[in-house]
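Chemist: Structure file final-v2.txt (compact mmCIF, C-alpha atoms) is given on the next line.
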# COMPACT_ATOMS: atom_id res chain seq x y z
CA MET A 1 9.61 -28.34 -3.26
CA LYS A 2 6.14 -27.32 -2.02
CA LYS A 3 3.92 -25.20 -4.26
CA ILE A 4 1.97 -22.05 -3.40
CA LEU A 5 -0.83 -20.61 -5.55
CA VAL A 6 -1.11 -16.84 -5.10
CA TRP A 7 -4.23 -14.72 -5.79
CA GLU A 8 -3.78 -11.09 -6.84
CA THR A 9 -6.79 -9.14 -8.10
CA SER A 10 -4.96 -6.11 -9.51
CA SER A 11 -2.68 -6.02 -12.52
CA SER A 12 -0.87 -2.89 -11.28
CA VAL A 13 1.83 -2.76 -8.61
CA ALA A 14 0.86 -0.77 -5.52
CA GLY A 15 1.78 -1.37 -1.88
CA GLY A 16 -0.04 -4.71 -1.49
CA GLN A 17 1.38 -6.14 -4.70
CA LYS A 18 4.88 -4.99 -3.73
CA VAL A 19 4.59 -7.00 -0.52
CA THR A 20 3.34 -10.04 -2.45
CA LEU A 21 6.28 -9.78 -4.86
CA THR A 22 8.64 -9.44 -1.90
CA VAL A 23 7.24 -12.57 -0.26
CA MET A 24 7.72 -14.60 -3.44
CA GLU A 25 11.20 -13.25 -4.08
CA LEU A 26 12.32 -13.99 -0.52
CA LEU A 27 10.92 -17.55 -0.51
CA LYS A 28 11.36 -18.68 -4.12
CA ASN A 29 14.26 -20.98 -3.15
CA GLU A 30 12.02 -22.85 -0.70
CA TYR A 31 8.68 -22.75 -2.54
CA SER A 32 7.45 -22.86 -6.12
CA PHE A 33 4.94 -20.07 -6.83
CA CYS A 34 2.27 -19.53 -9.45
CA CYS A 35 0.10 -16.39 -9.57
CA LEU A 36 -3.50 -15.83 -10.58
CA ILE A 37 -3.70 -12.26 -11.94
CA PRO A 38 -6.37 -10.33 -13.88
CA GLN A 39 -4.44 -9.35 -17.01
CA GLU A 40 -1.08 -8.27 -18.41
CA GLY A 41 0.39 -5.16 -16.84
CA ALA A 42 2.98 -3.94 -14.37
CA LEU A 43 2.45 -6.97 -12.13
CA SER A 44 2.96 -9.50 -14.93
CA GLU A 45 6.16 -7.70 -15.95
CA ALA A 46 7.44 -7.93 -12.37
CA LEU A 47 6.56 -11.64 -12.25
CA LYS A 48 8.50 -12.25 -15.47
CA LYS A 49 11.59 -10.66 -13.91
CA LEU A 50 11.25 -13.04 -10.95
CA ASP A 51 10.65 -15.97 -13.34
CA ILE A 52 7.33 -16.74 -11.63
CA PRO A 53 4.57 -18.20 -13.85
CA TYR A 54 1.10 -16.67 -13.86
CA ILE A 55 -2.40 -17.40 -15.15
CA LEU A 56 -4.64 -14.65 -16.52
CA MET A 57 -8.09 -14.57 -14.90
CA GLY A 58 -9.71 -11.61 -16.66
CA ASP A 59 -10.72 -8.17 -15.35
CA GLN A 60 -11.54 -8.21 -11.62
CA THR A 61 -11.90 -4.52 -10.83
CA LEU A 62 -14.72 -3.19 -8.70
CA PRO A 63 -15.54 0.37 -7.61
CA SER A 64 -13.84 1.32 -4.35
CA GLY A 65 -15.74 2.31 -1.21
CA VAL A 66 -19.32 1.39 -0.34
CA LYS A 67 -20.93 -0.83 -2.97
CA GLY A 68 -24.50 -0.83 -4.28
CA LYS A 69 -26.73 -3.70 -5.38
CA GLN A 70 -25.53 -3.59 -8.98
CA VAL A 71 -21.95 -4.10 -7.81
CA TYR A 72 -23.00 -7.03 -5.61
CA PHE A 73 -24.48 -8.80 -8.64
CA ARG A 74 -21.34 -8.09 -10.63
CA TYR A 75 -19.15 -9.41 -7.83
CA ALA A 76 -21.30 -12.56 -7.53
CA TRP A 77 -20.94 -13.29 -11.25
CA MET A 78 -17.24 -12.44 -11.16
CA SER A 79 -16.81 -14.73 -8.14
CA LEU A 80 -18.49 -17.66 -9.86
CA LYS A 81 -16.23 -17.32 -12.91
CA SER A 82 -13.10 -16.81 -10.77
CA ILE A 83 -13.81 -19.81 -8.56
CA VAL A 84 -14.31 -22.06 -11.60
CA LYS A 85 -11.08 -20.80 -13.19
CA SER A 86 -9.22 -21.06 -9.88
CA LEU A 87 -10.28 -24.66 -9.33
CA SER A 88 -9.01 -25.43 -12.84
CA ALA A 89 -5.68 -23.78 -11.98
CA ILE A 90 -5.51 -25.77 -8.74
CA ARG A 91 -6.00 -29.04 -10.65
CA LYS A 92 -3.26 -28.03 -13.08
CA PHE A 93 -0.69 -26.53 -10.67
CA ARG A 94 -1.51 -28.86 -7.73
CA PRO A 95 -0.46 -26.40 -5.00
CA ASP A 96 0.13 -27.34 -1.38
CA ILE A 97 -1.01 -23.94 -0.05
CA LEU A 98 -3.39 -21.24 -1.31
CA TYR A 99 -2.21 -17.71 -0.50
CA ALA A 100 -4.69 -14.81 -0.88
CA PRO A 101 -3.38 -11.25 -0.48
CA GLY A 102 -5.81 -9.72 -3.01
CA PRO A 103 -8.96 -8.34 -1.29
CA ALA A 104 -11.56 -9.78 -3.68
CA SER A 105 -9.82 -13.16 -3.64
CA LEU A 106 -10.14 -13.73 0.11
CA PRO A 107 -13.60 -15.39 -0.11
CA TRP A 108 -12.70 -17.18 -3.36
CA SER A 109 -9.66 -18.79 -1.75
CA ALA A 110 -11.72 -19.93 1.25
CA ILE A 111 -14.24 -21.65 -1.04
CA CYS A 112 -11.55 -23.13 -3.30
CA GLY A 113 -9.54 -24.30 -0.30
CA THR A 114 -12.61 -26.00 1.14
CA LEU A 115 -13.51 -27.70 -2.16
CA SER A 116 -9.93 -28.76 -2.96
CA HIS A 117 -8.98 -29.68 0.65
CA ARG A 118 -6.02 -27.33 0.76
CA PRO A 119 -4.89 -24.94 3.51
CA VAL A 120 -5.46 -21.23 2.90
CA VAL A 121 -3.48 -18.25 4.16
CA TRP A 122 -5.14 -14.84 4.02
CA HIS A 123 -3.02 -11.67 4.01
CA LEU A 124 -5.12 -8.62 4.93
CA HIS A 125 -3.79 -5.26 3.68
CA HIS A 126 -6.96 -3.20 3.36
CA ILE A 127 -9.70 -1.47 5.27
CA PHE A 128 -13.03 -2.55 3.78
CA LEU A 129 -15.42 0.41 3.78
CA ASP A 130 -18.38 -1.76 2.81
CA GLY A 131 -20.14 -3.51 5.71
CA ALA A 132 -21.34 -6.42 3.57
CA THR A 133 -17.75 -7.23 2.59
CA VAL A 134 -16.67 -7.30 6.22
CA LYS A 135 -19.59 -9.62 7.09
CA LEU A 136 -18.66 -11.97 4.24
CA LEU A 137 -15.04 -12.13 5.36
CA ASN A 138 -16.02 -12.87 8.94
CA LEU A 139 -18.40 -15.57 7.77
CA LEU A 140 -15.73 -17.30 5.71
CA SER A 141 -12.97 -16.76 8.29
CA ARG A 142 -14.62 -19.63 10.19
CA CYS A 143 -13.83 -22.11 7.38
CA LYS A 144 -11.45 -24.87 8.42
CA ALA A 145 -9.55 -24.36 5.18
CA VAL A 146 -8.54 -20.85 6.29
CA ARG A 147 -5.65 -21.78 8.56
CA GLN A 148 -3.96 -18.42 9.09
CA ILE A 149 -5.03 -14.77 8.77
CA VAL A 150 -2.10 -12.39 8.54
CA SER A 151 -2.89 -8.72 9.11
CA VAL A 152 -0.52 -5.86 8.29
CA SER A 153 -1.63 -3.97 11.42
CA GLU A 154 -3.89 -4.18 14.46
CA PHE A 155 -6.03 -1.55 12.71
CA VAL A 156 -6.69 -3.88 9.79
CA GLY A 157 -7.02 -6.94 12.01
CA LYS A 158 -9.87 -5.39 14.00
CA GLN A 159 -12.13 -6.09 11.04
CA VAL A 160 -11.95 -9.79 11.89
CA THR A 161 -14.44 -10.01 14.75
CA HIS A 162 -15.66 -13.61 14.65
CA PRO A 163 -14.08 -15.62 17.52
CA LYS A 164 -12.92 -18.44 15.21
CA GLY A 165 -11.40 -15.92 12.84
CA ARG A 166 -9.69 -14.09 15.69
CA GLU A 167 -8.03 -17.32 16.79
CA LYS A 168 -6.26 -17.51 13.41
CA LEU A 169 -5.22 -13.85 13.32
CA ARG A 170 -1.67 -12.61 13.69
CA VAL A 171 -0.25 -9.14 13.03
CA LEU A 172 2.85 -8.90 10.88
CA TYR A 173 3.94 -5.42 9.87
CA ASN A 174 5.03 -5.01 6.26
CA PRO A 175 8.70 -5.43 5.43
CA VAL A 176 10.96 -2.74 4.03
CA ASP A 177 14.12 -3.13 1.97
CA PHE A 178 16.09 -1.16 4.54
CA GLU A 179 19.47 -1.43 2.85
CA HIS A 180 18.03 -0.18 -0.46
CA TYR A 181 16.12 2.80 0.93
CA ALA A 182 18.79 3.84 3.42
CA GLN A 183 21.09 4.43 0.42
CA ALA A 184 18.71 6.91 -1.26
CA ASP A 185 20.53 9.72 -3.04
CA ALA A 186 18.91 13.15 -3.49
CA LEU A 187 21.61 14.11 -5.99
CA GLN A 188 20.06 11.66 -8.47
CA VAL A 189 17.02 13.94 -8.87
CA LYS A 190 18.64 17.30 -8.03
CA ASP A 191 18.53 18.61 -11.61
CA GLU A 192 14.89 17.54 -12.07
CA VAL A 193 13.81 19.17 -8.78
CA GLU A 194 15.63 22.39 -9.61
CA GLN A 195 14.10 22.45 -13.07
CA ALA A 196 10.65 22.18 -11.47
CA PHE A 197 11.14 24.56 -8.54
CA GLY A 198 14.48 26.33 -8.83
CA THR A 199 17.19 26.08 -6.17
CA LYS A 200 16.60 25.57 -2.43
CA GLU A 201 16.75 29.31 -1.90
CA ASN A 202 13.42 29.61 -3.73
CA ARG A 203 11.46 27.57 -1.18
CA ASP A 204 10.91 27.15 2.55
CA VAL A 205 9.85 23.51 2.47
CA LEU A 206 9.55 20.66 -0.04
CA LEU A 207 6.80 18.10 0.53
CA THR A 208 6.48 14.79 -1.33
CA GLN A 209 3.60 12.35 -1.66
CA VAL A 210 4.27 8.97 -3.28
CA ALA A 211 1.12 7.13 -4.37
CA LEU A 212 -1.00 6.15 -7.33
CA ILE A 213 -3.04 9.12 -8.50
CA ARG A 214 -6.29 7.83 -7.05
CA LYS A 215 -9.12 9.19 -4.91
CA GLY A 216 -8.34 6.82 -2.08
CA LYS A 217 -4.83 8.27 -1.83
CA TYR A 218 -6.13 11.77 -1.01
CA GLN A 219 -3.96 13.91 -3.30
CA GLU A 220 -6.74 16.49 -3.06
CA THR A 221 -5.90 16.84 0.65
CA THR A 222 -2.29 17.52 -0.28
CA VAL A 223 -3.43 20.29 -2.65
CA SER A 224 -5.56 21.79 0.15
CA ILE A 225 -2.52 21.75 2.46
CA MET A 226 -0.47 23.53 -0.21
CA GLU A 227 -3.20 26.17 -0.57
CA ALA A 228 -3.17 26.71 3.20
CA LEU A 229 0.62 27.00 3.36
CA LYS A 230 0.53 29.56 0.55
CA ARG A 231 -2.10 31.61 2.43
CA LYS A 232 0.18 31.61 5.47
CA GLY A 233 3.09 32.99 3.46
CA ILE A 234 5.11 29.77 3.33
CA ARG A 235 6.98 29.16 0.10
CA ALA A 236 6.05 25.48 -0.08
CA LYS A 237 6.70 23.17 -3.01
CA CYS A 238 5.29 19.70 -3.51
CA MET A 239 6.08 16.66 -5.63
CA LEU A 240 3.38 14.10 -6.41
CA VAL A 241 5.19 10.92 -7.42
CA GLY A 242 2.91 8.35 -9.05
CA ASP A 243 0.44 8.14 -11.90
CA ALA A 244 -3.12 7.18 -12.79
CA ILE A 245 -3.78 3.58 -13.84
CA THR A 246 -7.50 3.09 -14.45
CA GLU A 247 -9.95 5.29 -16.34
CA GLU A 248 -11.46 6.30 -13.00
CA ASP A 249 -7.97 7.34 -11.85
CA ARG A 250 -7.40 9.37 -15.02
CA VAL A 251 -10.65 11.28 -14.48
CA PHE A 252 -9.53 12.05 -10.92
CA LYS A 253 -6.11 13.17 -12.18
CA GLU A 254 -7.73 15.64 -14.57
CA GLU A 255 -9.88 16.99 -11.72
CA LEU A 256 -6.73 17.33 -9.64
CA LEU A 257 -4.92 19.24 -12.40
CA ASN A 258 -7.89 21.60 -12.75
CA ARG A 259 -7.82 22.21 -8.99
CA ILE A 260 -4.09 22.97 -9.13
CA ARG A 261 -4.58 25.44 -12.00
CA GLU A 262 -7.53 27.14 -10.29
CA SER A 263 -5.45 27.52 -7.11
CA GLY A 264 -2.54 29.05 -9.01
CA LEU A 265 -0.21 26.29 -7.83
CA GLN A 266 1.12 25.20 -11.23
CA GLN A 267 4.62 26.37 -10.27
CA ASP A 268 4.40 24.88 -6.79
CA ILE A 269 3.14 21.33 -7.41
CA TYR A 270 5.08 19.02 -9.71
CA LEU A 271 3.50 15.78 -10.95
CA ALA A 272 6.54 13.58 -11.49
CA GLY A 273 4.60 10.55 -12.74
CA HIS A 274 5.61 6.95 -12.13
CA ARG A 275 9.19 6.50 -10.93
CA ASN A 276 11.23 3.42 -10.03
CA ASN A 277 13.56 5.43 -7.78
CA VAL A 278 10.98 6.94 -5.41
CA GLN A 279 13.55 6.80 -2.61
CA ASP A 280 15.62 9.52 -4.30
CA TYR A 281 12.58 11.84 -4.49
CA MET A 282 11.94 11.21 -0.81
CA ALA A 283 15.58 11.97 -0.01
CA ALA A 284 15.29 15.28 -1.86
CA SER A 285 12.26 16.38 0.21
CA ASP A 286 11.87 17.77 3.70
CA PHE A 287 8.73 15.83 4.59
CA VAL A 288 6.84 12.89 3.09
CA LEU A 289 3.04 13.16 3.26
CA VAL A 290 0.71 10.19 3.79
CA PRO A 291 -2.65 12.01 4.02
CA SER A 292 -4.96 8.98 4.19
CA ALA A 293 -6.38 8.01 7.60
CA VAL A 294 -7.63 4.66 6.27
CA GLU A 295 -4.33 3.14 5.15
CA GLY A 296 -4.01 -0.39 6.44
CA MET A 297 -0.25 -0.02 6.66
CA SER A 298 1.45 2.38 4.27
CA LEU A 299 4.49 0.88 2.61
CA VAL A 300 5.45 4.40 1.50
CA ALA A 301 5.60 5.52 5.13
CA LEU A 302 7.98 2.67 5.94
CA GLU A 303 10.13 3.43 2.92
CA ALA A 304 10.31 7.13 3.84
CA MET A 305 11.26 6.20 7.40
CA ALA A 306 14.06 3.98 6.07
CA VAL A 307 15.25 6.82 3.82
CA GLY A 308 15.52 8.96 6.94
CA LYS A 309 12.67 11.39 6.33
CA ASP A 310 10.08 12.75 8.72
CA VAL A 311 6.61 11.52 7.71
CA ILE A 312 3.42 13.53 8.22
CA THR A 313 0.09 11.72 8.46
CA ALA A 314 -3.30 11.71 10.18
CA ASP A 315 -3.52 10.17 13.65
CA GLY A 316 -5.62 7.24 12.44
CA GLY A 317 -5.17 4.00 10.56
CA GLY A 318 -2.21 1.68 10.30
CA VAL A 319 0.34 4.45 9.76
CA ALA A 320 -0.54 6.13 13.06
CA GLU A 321 -0.29 2.72 14.73
CA LEU A 322 3.18 2.28 13.23
CA PHE A 323 4.25 5.71 14.46
CA ARG A 324 3.07 4.96 17.98
CA VAL A 325 4.97 1.66 18.02
CA ALA A 326 8.13 3.20 16.53
CA ASN A 327 7.74 6.47 18.48
CA CYS A 328 8.32 8.63 15.42
CA GLY A 329 6.58 10.73 12.78
CA THR A 330 4.47 13.87 12.86
CA MET A 331 0.70 13.46 13.14
CA TYR A 332 -2.34 15.69 12.90
CA PRO A 333 -5.97 14.99 13.99
CA GLN A 334 -8.05 13.10 11.44
CA ASP A 335 -10.65 15.88 11.40
CA ALA A 336 -8.09 18.68 11.12
CA SER A 337 -8.66 21.38 8.52
CA ALA A 338 -6.06 22.17 5.88
CA ASP A 339 -5.10 25.30 7.82
CA GLU A 340 -4.60 23.28 11.01
CA ILE A 341 -2.45 20.74 9.16
CA ALA A 342 -0.43 23.59 7.65
CA ASP A 343 0.20 24.98 11.16
CA ILE A 344 1.47 21.57 12.30
CA ILE A 345 3.82 21.41 9.30
CA ILE A 346 5.09 24.91 10.07
CA GLU A 347 5.78 23.87 13.67
CA ALA A 348 7.56 20.74 12.45
CA MET A 349 9.73 22.92 10.22
CA LYS A 350 10.98 24.71 13.33
CA THR A 351 12.03 21.55 15.17
CA ASP A 352 15.00 19.25 14.70
CA PRO A 353 13.65 16.00 13.17
CA THR A 354 16.81 14.02 13.98
CA PRO A 355 15.48 12.19 17.10
CA ARG A 356 12.28 11.15 15.30
CA VAL A 357 14.17 10.10 12.19
CA GLU A 358 16.72 8.06 14.14
CA ARG A 359 13.97 6.18 16.00
CA ALA A 360 12.18 5.56 12.70
CA MET A 361 15.26 4.17 11.00
CA ALA A 362 16.05 1.94 13.97
CA TYR A 363 12.54 0.50 13.87
CA CYS A 364 12.66 -0.01 10.10
CA TYR A 365 15.85 -1.99 10.57
CA SER A 366 13.83 -4.50 12.61
CA LEU A 367 11.44 -4.87 9.63
CA ARG A 368 14.13 -5.50 7.03
CA HIS A 369 13.74 -8.32 4.52
CA LYS A 370 15.92 -10.83 6.33
CA ALA A 371 13.76 -10.73 9.46
CA TYR A 372 10.52 -10.79 7.46
CA ARG A 373 11.67 -13.78 5.42
CA GLU A 374 12.14 -15.87 8.55
CA LYS A 375 8.65 -15.00 9.80
CA MET A 376 6.93 -15.82 6.50
CA LEU A 377 8.95 -19.00 6.09
CA LYS A 378 7.81 -20.17 9.51
CA LEU A 379 4.20 -19.25 8.71
CA PHE A 380 4.08 -21.34 5.52
CA CYS A 381 5.95 -24.23 7.12
CA GLU A 382 3.20 -24.45 9.75
CA GLN A 383 0.48 -25.08 7.15
Could you render the structure as structure tokens?
Modeler:
Amino acid sequence: MKKILVWETSSSVAGGQKVTLTVMELLKNEYSFCCLIPQEGALSEALKKLDIPYILMGDQTLPSGVKGKQVYFRYAWMSLKSIVKSLSAIRKFRPDILYAPGPASLPWSAICGTLSHRPVVWHLHHIFLDGATVKLLNLLSRCKAVRQIVSVSEFVGKQVTHPKGREKLRVLYNPVDFEHYAQADALQVKDEVEQAFGTKENRDVLLTQVALIRKGKYQETTVSIMEALKRKGIRAKCMLVGDAITEEDRVFKEELLNRIRESGLQQDIYLAGHRNNVQDYMAASDFVLVPSAVEGMSLVALEAMAVGKDVITADGGGVAELFRVANCGTMYPQDASADEIADIIIEAMKTDPTPRVERAMAYCYSLRHKAYREKMLKLFCEQ
């Protein structure tokens, strides 16, 4: 059985890590996996359940967004330590393929693959806001060791501009556990929703956003939309499903709570925290919000589509690309104000979402695990 060494640079489980876990679960009968992860956490617990071994690499977190000189020095030192530890893991595990879905690990895998003479597969999930990072990735995409670059959308793939890197690029939309999400049951959370908001008669619309409480997930935009709906006389309620992980996230969460209190929305916005049955919260809502215009490919959007819910997002990024391909969803301009977004939601409330939802579910069926497994199996077999 061939071996694959997997790099993940986050110890939590967000969209990218969920895809990585899915890949390993779908292919664990054909390949033996070992993961390099920063530290114990939600990801290590998930790996234990799958009986996949892992090696702790130490903290690998960096500030999101555009990075300054101090961060570059930190990343350089972190890279040196990670490459040394990774080469040690390669000598011990003796993998046949190096698989890098973690953003910071992309260059490390290219260097380690070159030094250890092993093929490397990159899996791009993110939009890199820092120009220096994009330049580094394009530089290393030319390495012979980097055999395949998988991108979760055309939007993400456009960051690879070097001709040699483009030759290796292929777009593969994220998978969705269609059978699981299509069986979502709103009754499972009915009592909780009614305790938070009262019965359906007390509201005109229920919105839900599922994401880590983090600046890059734009929960503040969701609060602005709720403020606008309230100004327009709409009895809107909103559930924020997810929680803060890092200290930076917790600071943002406190700022968000202050904003909610100042806006008088304490009775209208419910922070549900982390949940393992997010599909049931989606099923209980009228619309699922994905307010970020820089999502590479939102797994939440796919899950909501499989549940059978209309998704509202900005007309940019990987989610908008998905909607155009699947001919579904409700979009608003990226530069739209909260009032303009509220107007679009109000219009969507007046229309029958059934045609959009049916097209979305049909497209999600084509992205189910069985189909994705065959594509990933073929990709690794080619290395």
Chemist: Have a look at atom CA of A:Gly58 and atom CA of A:Gln39 and let me know their distance in Å, one decimal.
Modeler: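 Distance between the two atoms: 5.7 Å.
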Chemist: Work out how far atom CA of A:Pro175 is from atom CA of A:Met297, in Å to one decimal.
Modeler: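 Spanning atom CA of A:Met297 to atom CA of A:Pro175 is a straight-line distance of 10.5 Å.
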Chemist: Using all atoms listed in the file, find the one residue out of A:Val241, A:Ala348, A:Thr221, A:Ala338 that sits nearest to A:Ser292.
Modeler: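 That would be A:Thr221, the residue with the smallest distance to A:Ser292.
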Chemist: Go through A:Leu169, A:Ile4, A:Leu256, A:Leu377 one by one, measure the shortest atom-to-atom distance of each to A:Leu26 using only C-alpha atoms, and give the residue with the smallest value.
Modeler: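 Smallest separation from A:Leu26 among the options: A:Leu377.
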Chemist: Have a look at atom CA of A:Val134 and atom CA of A:Arg214 and let me know their distance in Å, one decimal.
Modeler: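 Between these atoms lies a distance of 22.6 Å.
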Chemist: Adding 6 Å on each side of the box along x, y and z that holds all listed atoms of stretch 329-348 of chain A, could you give its centre and edge lengths in Å to one decimal, as JSON?
Modeler:
{"center_x": -1.5, "center_y": 18.0, "center_z": 9.9, "size_x": 30.2, "size_y": 26.6, "size_z": 20.1}
Chemist: If you count all atoms listed in the file, which residues fall within 7 Å of A:Gly318, apart from same-chain ones fewer than 4 positions away, as a list in words?
Modeler: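 My list of contacting residues is Ser153, Phe155, Glu295, Gly296, Met297 and Leu322 of chain A.
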Chemist: Considering only C-alpha atoms, return as a list in words whatever protein or nucleic-acid residues lie within 12 Å of A:Arg259, sequence-local ones (same chain, fewer than 3 positions apart) excluded.
Modeler: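 What passes the distance filter is Gln219, Glu220, Thr221, Thr222, Val223, Ser224, Met226, Glu227, Phe252, Lys253, Glu254, Glu255, Leu256, Glu262, Ser263, Gly264, Leu265, Gln266 and Ile269 of chain A.
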Chemist: For the selection just defined, write its residues with C-alpha atoms to a file, as a compact mmCIF listing (two decimals), keeping the file's coordinate frame.
Modeler:
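Output (again_13.txt):
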# COMPACT_ATOMS: atom_id res chain seq x y z
CA GLN A 219 -3.96 13.91 -3.30
CA GLU A 220 -6.74 16.49 -3.06
CA THR A 221 -5.90 16.84 0.65
CA THR A 222 -2.29 17.52 -0.28
CA VAL A 223 -3.43 20.29 -2.65
CA SER A 224 -5.56 21.79 0.15
CA MET A 226 -0.47 23.53 -0.21
CA GLU A 227 -3.20 26.17 -0.57
CA PHE A 252 -9.53 12.05 -10.92
CA LYS A 253 -6.11 13.17 -12.18
CA GLU A 254 -7.73 15.64 -14.57
CA GLU A 255 -9.88 16.99 -11.72
CA LEU A 256 -6.73 17.33 -9.64
CA GLU A 262 -7.53 27.14 -10.29
CA SER A 263 -5.45 27.52 -7.11
CA GLY A 264 -2.54 29.05 -9.01
CA LEU A 265 -0.21 26.29 -7.83
CA GLN A 266 1.12 25.20 -11.23
CA ILE A 269 3.14 21.33 -7.41
Chemist: Excluding A:Leu87 and its own-chain neighbours fewer than 2 positions away, which residues fall within 10 Å of it when counting all atoms listed in the file? Please give them as a PDB file with C-alpha atoms, in the frame of the given file.
Modeler:
ATOM      1  CA  SER A  82     -13.100 -16.810 -10.770  1.00  0.00           C
ATOM      2  CA  ILE A  83     -13.810 -19.810  -8.560  1.00  0.00           C
ATOM      3  CA  VAL A  84     -14.310 -22.060 -11.600  1.00  0.00           C
ATOM      4  CA  LYS A  85     -11.080 -20.800 -13.190  1.00  0.00           C
ATOM      5  CA  ALA A  89      -5.680 -23.780 -11.980  1.00  0.00           C
ATOM      6  CA  ILE A  90      -5.510 -25.770  -8.740  1.00  0.00           C
ATOM      7  CA  ARG A  91      -6.000 -29.040 -10.650  1.00  0.00           C
ATOM      8  CA  LYS A  92      -3.260 -28.030 -13.080  1.00  0.00           C
ATOM      9  CA  PHE A  93      -0.690 -26.530 -10.670  1.00  0.00           C
ATOM     10  CA  ARG A  94      -1.510 -28.860  -7.730  1.00  0.00           C
ATOM     11  CA  TRP A 108     -12.700 -17.180  -3.360  1.00  0.00           C
ATOM     12  CA  SER A 109      -9.660 -18.790  -1.750  1.00  0.00           C
ATOM     13  CA  ILE A 111     -14.240 -21.650  -1.040  1.00  0.00           C
ATOM     14  CA  CYS A 112     -11.550 -23.130  -3.300  1.00  0.00           C
ATOM     15  CA  GLY A 113      -9.540 -24.300  -0.300  1.00  0.00           C
ATOM     16  CA  LEU A 115     -13.510 -27.700  -2.160  1.00  0.00           C
ATOM     17  CA  SER A 116      -9.930 -28.760  -2.960  1.00  0.00           C
TER      18      SER A 116
END
Chemist: Please output stretch 196-207 of chain A, rebuilt to include N, CA and C atoms, as a short mmCIF file (atom, residue, chain, number, x, y, z; two decimals), in the coordinates of the input.
Modeler:
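Result file part.cif:
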data_model
loop_
_atom_site.label_atom_id
_atom_site.label_comp_id
_atom_site.auth_asym_id
_atom_site.auth_seq_id
_atom_site.Cartn_x
_atom_site.Cartn_y
_atom_site.Cartn_z
N ALA A 196 12.06 21.99 -11.83
CA ALA A 196 10.65 22.18 -11.47
C ALA A 196 10.45 23.38 -10.55
N PHE A 197 11.36 23.57 -9.60
CA PHE A 197 11.14 24.56 -8.54
C PHE A 197 12.24 25.61 -8.38
N GLY A 198 13.35 25.45 -9.09
CA GLY A 198 14.48 26.33 -8.83
C GLY A 198 15.33 25.78 -7.69
N THR A 199 16.29 26.53 -7.23
CA THR A 199 17.19 26.08 -6.17
C THR A 199 16.50 26.16 -4.81
N LYS A 200 17.16 25.61 -3.79
CA LYS A 200 16.60 25.57 -2.43
C LYS A 200 16.26 26.97 -1.91
N GLU A 201 16.98 27.95 -2.37
CA GLU A 201 16.75 29.31 -1.90
C GLU A 201 15.37 29.83 -2.30
N ASN A 202 14.74 29.17 -3.25
CA ASN A 202 13.42 29.61 -3.73
C ASN A 202 12.26 28.99 -2.96
N ARG A 203 12.55 28.23 -1.93
CA ARG A 203 11.46 27.57 -1.18
C ARG A 203 11.81 27.47 0.30
N ASP A 204 10.74 27.34 1.11
CA ASP A 204 10.91 27.15 2.55
C ASP A 204 10.83 25.68 2.92
N VAL A 205 10.03 24.92 2.15
CA VAL A 205 9.85 23.51 2.47
C VAL A 205 9.44 22.76 1.20
N LEU A 206 9.91 21.52 1.08
CA LEU A 206 9.55 20.66 -0.04
C LEU A 206 8.86 19.41 0.49
N LEU A 207 7.59 19.25 0.12
CA LEU A 207 6.80 18.10 0.53
C LEU A 207 6.72 17.10 -0.62
#
